[in-house]
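K.L.:
Have a look at this one.
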Amino acid sequence: MKQIIETLSKFGIQLLGSSYDNAIEYLKSLIELDVIDIPSGTELGTWTVPDEWVAKEAWVKFNGEKIIEYKNDLSLMVYSAPFQGMVNRDELKKHLYINKERPDAIPYEYSFYEKKWGFCLPANKVFDAEGKDLLPEGEYEVFVDTEFKPGVMKIGVHTIKGKTDKEILLFAHLDHPYQANDNLSGVACLTDLAHRIKDKYNHTIKIVFCPETIGSIGYALTQDISKVDFMIAVDICGNDGDPTVQWAFEDTSRLNKIAHLALMEGEESFNMNRFRASIGSDEYVFNDPEIGIPGLLITRHPYDQYHTSEDTIDIISEEKIKLTQNLIENIIRIYEEDFIPVRKFKAPLFRSKYKVQTPVKDINLTLDYFIYNINGERWLSEITDLSRMNWRFATDLINKLKEDELVINSLSDTCKGEKCKITRKKS
Amino acid sequence: MKQIIETLSKFGIQLLGSSYDNAIEYLKSLIELDVIDIPSGTELGTWTVPDEWVAKEAWVKFNGEKIIEYKNDLSLMVYSAPFQGMVNRDELKKHLYINKERPDAIPYEYSFYEKKWGFCLPANKVFDAEGKDLLPEGEYEVFVDTEFKPGVMKIGVHTIKGKTDKEILLFAHLDHPYQANDNLSGVACLTDLAHRIKDKYNHTIKIVFCPETIGSIGYALTQDISKVDFMIAVDICGNDGDPTVQWAFEDTSRLNKIAHLALMEGEESFNMNRFRASIGSDEYVFNDPEIGIPGLLITRHPYDQYHTSEDTIDIISEEKIKLTQNLIENIIRIYEEDFIPVRKFKAPLFRSKYKVQTPVKDINLTLDYFIYNINGERWLSEITDLSRMNWRFATDLINKLKEDELVINSLSDTCKGEKCKITRKKS
Amino acid sequence: MKQIIETLSKFGIQLLGSSYDNAIEYLKSLIELDVIDIPSGTELGTWTVPDEWVAKEAWVKFNGEKIIEYKNDLSLMVYSAPFQGMVNRDELKKHLYINKERPDAIPYEYSFYEKKWGFCLPANKVFDAEGKDLLPEGEYEVFVDTEFKPGVMKIGVHTIKGKTDKEILLFAHLDHPYQANDNLSGVACLTDLAHRIKDKYNHTIKIVFCPETIGSIGYALTQDISKVDFMIAVDICGNDGDPTVQWAFEDTSRLNKIAHLALMEGEESFNMNRFRASIGSDEYVFNDPEIGIPGLLITRHPYDQYHTSEDTIDIISEEKIKLTQNLIENIIRIYEEDFIPVRKFKAPLFRSKYKVQTPVKDINLTLDYFIYNINGERWLSEITDLSRMNWRFATDLINKLKEDELVINSLSDTCKGEKCKITRKKS
């Protein structure tokens, strides 16, 4: 997977245009991709697909000498407007972006919807250690030759047919230039996962690569999403931090409980957050109740190199990406294993017969609550979550009870309970 | 408004009788008033309208010298029963009322329903600084010449016609004698407000002056209240403290959320309390679920001079009464501006297009929740409250979205949600 | 009642068999008992009624000398499997049960469903004060001559006919050998209570003695329980501690609120716990939502002598058992007094007329909430609980209001509210 990241991180991928198209072509060489084209200028809800941005040349001169020069890197703010003219130091500084916490790094900045120009550079080129100006007073010559022109936003979709036509969508945004972890790590993760999960699940799983936000809006508003059960956005998954799952918008969503059970199956410590509490990616769009698809974000954010030139292949751990893949698979698996159990026996379970008797009173008690909470309305994931048990233990026990026909599947696969549905508006 | 308070505070207004009738006549000289007559002895629910009380003469003598004498002030307990006889010091002291925290002040005491006699006097006339008796031992001659006689309880109603026949009731009790802030401040506040809000609101607004509690019971049980949306009691609003709004009985009432939004529009810091948590006035009656009209109390209680002879015009600030009027108007205005929005667009709002994009992630997030919480069932006030936003920001944004037809009013003006109704029992 | 306990504690009552049968015969000499027979081997839900266990002889010898010998006491683990052979000290110790916290006492141990052997003895015979082994190294001769044979589990039922056929079940388990407080105290409590409550209540009350858990499973799964409103298990009620009531499984059950009100009527301080939070007895079975009978546990657990040879008549207080009886009766009485009040008056209650006016604002406020919470849907117990009032005060007031026809009983005796039902599944 590091190979994929290394290759793509040289492309400097923008929202649309040749860099992005090249990235799609490269991914096509690895997995089959259908590409959805949406021309710039297309209105999507309250949004408009932006034009392609072409940066030809950009520099700042002082006394005739180039002190900043754009060389297909982060030094020109992404989507900078063209500009040419003399500015004094104070005016120039309004257009300079630095990151004081990482003074050697060039920050990644963009202005997709507000037309302005800017340069990004290491903080230590602007201020010395005492915070004094390194740029001399005087007049600076600025030259920004960029162009906005109609283009086509492309969304790459890899489809893994399942036994049913119910869908799960997995999203990774492809667009931040020269950012390995954010989010070529996610792109590599899903590209590789495509091979791993072939013919493995009942759901038809679609892996989607697109520009963040505007791409997922494009997908949600132009594609048939009526069969989608849920989606996951994978954003920033190769660094050394613990995984965080951000919940679907509805706090009580069954999907949030499943995510929790899946995290508990993993080997890492983890965090959970409410919808968008820390950061947001493409799950932001699908969780709109008017769209009605619950979506999780899986991320290892925050990390120090975030949105800088130091977000490189060097901070990526293949192992962490694999653990992220495991987490995604655990979510899918638990979702597919989940069902609404109906109990066919009365009175407490004879624990020792089912080898779940323990000398620890609290554990036995947990089990008693677990059994009594099976009411033919709750999903197994909810009962397990209510009882603070883990999924493996719960399913092992339930399967033993199923063998003896002490528990059966509810005929209805939709929940009758208040909070146990993964709700879907018909689109 | 201070003129109104000053004039009325000389009247020594009792629950009913000439002092009260004079007050009504005086108010009639300022604003038009319809007067509802309810004879004493009338049964209202479990209550009975009390008789008129006439205090003719009352004093306490020691060794032939008057040591307490009633002179149309607070020194005779209001509704004291008649009494004549000799009592020793200990017996006398059972009938003396003092306020140790304000030793120079005569407390305001009353006994409307239990027949007994009493005198009120400054604590420093009864005890010295060390707490020793100032009254000598011995026999005291007590003379209380009072009379209870049939009378008529009067309720003054000023009606401001609105565009619709839906009503809002604003109550101020008129009865505590010689108490400027409690509640001639409220009476002055609403009398003046009557001019301010003429032809301003859709609701027909009725301003009601009456004896506290028994007066509002009289109104609620004898008048047509089927068109009343909500009521506000204004009690104690001229002193220097912050405003408190006490909630309607149902904690989840939409009116409580509107009150909160209205308080946030004001210039003062403020408090909110549950129904009757601190004090109660006429909102007490209307909040009865059997009556079914949600009611708020607006007050600046507590204050040091409460229920003493020191509650005079000197502690009243015209500015504070004006701020109270603003608060009342904000509640009415927000109530009338409130509606159930229906969203006609999918996916997140393109914030920068609507000039609500900020560099502060938390604010953007607040806005995202705001948009996603618009579900065609919740009132705007509830969505605003849920998102911890303020009303002005919310309505500005919603109005911009309405211009673009991205949001429309729900056809139904009644809420489908669980908690969003201002519930009304049919009376 | 101490006589009953003293007599029965000599029987060494096992789950079934002659000791148990003798106990039933003895109880029959005190109160009428119907006996339900369930043969061992009967399958009940996921459980099987165990065989009768007969202990003939058991000892451990070292160097030919008996160092442990079973003499119809706790020294042989209850339901020990037969065994004969030589074991070394380490192996022996795996089969010895001690209680380090009570080093002079023989612990009560059992293994009903796992077949193994064991001896119980005072800790101070196994370890000295420094924790060093008192048993010498070497070979020990072990002889356990026990037998498992088909038997009959017996459930004794005493029926107190009421005016209706609606039932209340009172359970005390009869089986722990040589344990006075656990639970011959409960057996004595209910045996005596049978006389006290004759012809006193509307409900038909059944007092049930059985082996713990398996006995109540037997009752629940073989008897007609369709008329049972609720049950109470009485387990450990003679020691000096405060009573604890453990709730029915559904936290919001009306029965839990009634239990709270009943505890407040008593003279003791008390505890409440969620279902099975501390210990469990026969209420465990009935609370199964598939069985659907809410059940309380009344207990004075924990106590130091629990499950040891020191649980004797010496720690039993007749007074504590009587207080337990009072508590049971209070629960029954409040349950029978409970009804859904409908209010026939509007506006606040005129408190002084009903002699409930107090000079304490908070108490008056409590009363106001009480009145306003009467909505024709809530049970009186729930309103009383909501208002944090006590039952006597609430019923006194309500009865006065009923006399004046200001409150009437709801025609329906089933509650319309969400949480106010004592829910019953039809069995």
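Each chain in the structure tokens gets a letter, A, B and so on, in the order shown; residues start at 1 in every chain, and ligands are counted from 1 in the order they appear.
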Given identical sequences, what C-alpha RMSD separates chain C from chain B after least-squares superposition over all Cα in order?

P.N.:
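With chain C fitted onto chain B, the C-alpha RMSD reads 0.1 Å.
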
K.L.:
Dump as a ChimeraX atom specification the residues of chain C that approach chain A to within 10 Å, counting only C-alpha atoms.

P.N.:
/C:44-48,113-114,213-214,216-218,220-221,249,275-280,284-292

K.L.:
Just the strand (DSSP E or B) stuff from range 13-235 of chain C, please, per backbone DSSP, written as a PyMOL selection string.

P.N.:
chain C and resi 34-39+43-44+47-48+52-62+65-69+76+78+83-88+96-97+107+110+119-120+127+133+139-149+152-160+167-173+204-210+228-234

K.L.:
Write out as a list in words which residues come within 10 Å of Gly41 in chain C when counting only C-alpha atoms, dropping same-chain ones fewer than 4 positions away.

P.N.:
Trp47, Thr48, Val49, Pro50, Asp51, Pro150, Gly151, Val152 and Met153 of chain C

K.L.:
Would you save the residues from that selection as a PDB file, in the first residue's frame, using C-alpha atoms?

P.N.:
```
ATOM      1  CA  TRP C  47     -32.984 -26.208  33.612  1.00  0.00           C
ATOM      2  CA  THR C  48     -33.336 -29.751  34.909  1.00  0.00           C
ATOM      3  CA  VAL C  49     -34.560 -30.593  38.401  1.00  0.00           C
ATOM      4  CA  PRO C  50     -31.543 -32.218  40.118  1.00  0.00           C
ATOM      5  CA  ASP C  51     -31.563 -35.608  41.762  1.00  0.00           C
ATOM      6  CA  PRO C 150     -34.304 -39.870  41.664  1.00  0.00           C
ATOM      7  CA  GLY C 151     -36.410 -37.794  43.993  1.00  0.00           C
ATOM      8  CA  VAL C 152     -39.231 -35.301  44.049  1.00  0.00           C
ATOM      9  CA  MET C 153     -38.875 -31.559  44.375  1.00  0.00           C
TER      10      MET C 153
END
```

K.L.:
Please provide the set of residues having any atom within 8 Å of Ile315 in chain A, restricted to only C-alpha atoms, with same-chain residues fewer than 3 positions apart removed, written as a list of chain:residue names.

P.N.:
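Residues meeting the cut-off are A:Asn181, A:Gly238, A:Asn239, A:Asp240, A:Asp311, A:Thr312.
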
K.L.:
Smallest atom-to-atom distance to Asp242 in chain B: which of B:Glu337, B:Glu65, B:Glu267, B:Glu25, using only C-alpha atoms?

P.N.:
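Among the listed residues, the smallest separation from Asp242 in chain B belongs to B:Glu267.
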
K.L.:
Report, in Å to a single decimal, how far apart CA of Lys166 in chain A and CA of Phe393 in chain A are.

P.N.:
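CA of Phe393 in chain A sits 27.4 Å away from CA of Lys166 in chain A.
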
K.L.:
Contacts of Leu296 in chain C at 6 Å or less, counting only C-alpha atoms, minus same-chain residues fewer than 4 places along, as a PyMOL selection string?

P.N.:
chain C and resi 232+246-248+283

K.L.:
For CA of Arg254 in chain B and CA of Pro294 in chain B, quote the distance in Å rounded to one decimal.

P.N.:
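Distance reported for this atom pair: 9.3 Å.
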
K.L.:
Using Å and a single decimal, report how far CA of Leu397 in chain C sits from CA of Glu336 in chain C.

P.N.:
17.2 Å

K.L.:
Residues at most 10 Å from Leu411 in chain C, counting only C-alpha atoms, excluding those fewer than 4 positions away in the same chain, as a VMD selection string?

P.N.:
chain C and resid 339 to 342 376

K.L.:
Dump all heavy atoms for the selected residues as a PDB file, in the first residue's frame?

P.N.:
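The result, written out as result31.pdb:
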```pdb
ATOM      1  N   PHE C 339     -54.765   3.916  42.948  1.00  0.00           N
ATOM      2  CA  PHE C 339     -55.766   4.053  41.877  1.00  0.00           C
ATOM      3  C   PHE C 339     -55.367   5.238  41.000  1.00  0.00           C
ATOM      4  O   PHE C 339     -54.414   5.960  41.306  1.00  0.00           O
ATOM      5  CB  PHE C 339     -57.168   4.253  42.475  1.00  0.00           C
ATOM      6  CG  PHE C 339     -57.376   5.596  43.094  1.00  0.00           C
ATOM      7  CD1 PHE C 339     -58.115   6.581  42.440  1.00  0.00           C
ATOM      8  CD2 PHE C 339     -56.812   5.907  44.338  1.00  0.00           C
ATOM      9  CE1 PHE C 339     -58.291   7.836  43.013  1.00  0.00           C
ATOM     10  CE2 PHE C 339     -56.989   7.163  44.911  1.00  0.00           C
ATOM     11  CZ  PHE C 339     -57.731   8.131  44.248  1.00  0.00           C
ATOM     12  N   ILE C 340     -56.084   5.384  39.915  1.00  0.00           N
ATOM     13  CA  ILE C 340     -55.798   6.503  39.014  1.00  0.00           C
ATOM     14  C   ILE C 340     -56.785   7.627  39.307  1.00  0.00           C
ATOM     15  O   ILE C 340     -57.962   7.533  38.970  1.00  0.00           O
ATOM     16  CB  ILE C 340     -55.911   6.071  37.536  1.00  0.00           C
ATOM     17  CG1 ILE C 340     -54.914   4.944  37.247  1.00  0.00           C
ATOM     18  CG2 ILE C 340     -55.689   7.247  36.606  1.00  0.00           C
ATOM     19  CD1 ILE C 340     -55.098   4.289  35.890  1.00  0.00           C
ATOM     20  N   PRO C 341     -56.341   8.676  39.959  1.00  0.00           N
ATOM     21  CA  PRO C 341     -57.274   9.761  40.283  1.00  0.00           C
ATOM     22  C   PRO C 341     -57.546  10.672  39.085  1.00  0.00           C
ATOM     23  O   PRO C 341     -56.664  10.903  38.259  1.00  0.00           O
ATOM     24  CB  PRO C 341     -56.547  10.525  41.396  1.00  0.00           C
ATOM     25  CG  PRO C 341     -55.105  10.220  41.216  1.00  0.00           C
ATOM     26  CD  PRO C 341     -54.991   8.913  40.497  1.00  0.00           C
ATOM     27  N   VAL C 342     -58.778  11.135  39.036  1.00  0.00           N
ATOM     28  CA  VAL C 342     -59.187  12.112  38.024  1.00  0.00           C
ATOM     29  C   VAL C 342     -59.597  13.371  38.772  1.00  0.00           C
ATOM     30  O   VAL C 342     -60.374  13.299  39.721  1.00  0.00           O
ATOM     31  CB  VAL C 342     -60.375  11.580  37.202  1.00  0.00           C
ATOM     32  CG1 VAL C 342     -60.870  12.638  36.222  1.00  0.00           C
ATOM     33  CG2 VAL C 342     -59.988  10.294  36.484  1.00  0.00           C
ATOM     34  N   GLY C 376     -55.378  12.057  35.360  1.00  0.00           N
ATOM     35  CA  GLY C 376     -56.295  11.026  34.872  1.00  0.00           C
ATOM     36  C   GLY C 376     -55.587   9.887  34.165  1.00  0.00           C
ATOM     37  O   GLY C 376     -56.230   8.980  33.635  1.00  0.00           O
TER      38      GLY C 376
END
```

K.L.:
Compare B:Val208, B:Leu323, B:Ala194, B:Leu96 by their minimum atom-to-atom distance to Gln223 in chain B, counting only C-alpha atoms, and give me the closest one.

P.N.:
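Of B:Val208, B:Leu323, B:Ala194, B:Leu96, the one nearest Gln223 in chain B is B:Val208, counting only C-alpha atoms.
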
K.L.:
Using DSSP on the backbone, list every residue of range 124-231 of chain B that comes out as helix (DSSP H, G or I), and give them as a ChimeraX atom specification.

P.N.:
/B:124-125,180-196,214-222

K.L.:
With only C-alpha atoms as the counted atoms, please give the residues lying no more than 7 Å from Glu139 in chain C, apart from itself and same-chain residues fewer than 3 positions off, as a list in words.

P.N.:
Phe62, Met86, Val87, Asn88 and Arg89 of chain C

K.L.:
Taking only C-alpha atoms into account, which of C:Gly215, C:Gly295, C:Gly241, C:Gly64 comes nearest Thr42 in chain C?

P.N.:
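Distance minimum relative to Thr42 in chain C lands on C:Gly215.
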
K.L.:
Smallest atom-to-atom distance to Phe11 in chain B: which of B:His176, B:Arg378, B:Lys56, B:Lys66, using only C-alpha atoms?

P.N.:
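Checking each of B:His176, B:Arg378, B:Lys56, B:Lys66 against Phe11 in chain B, counting only C-alpha atoms, the winner is B:His176.
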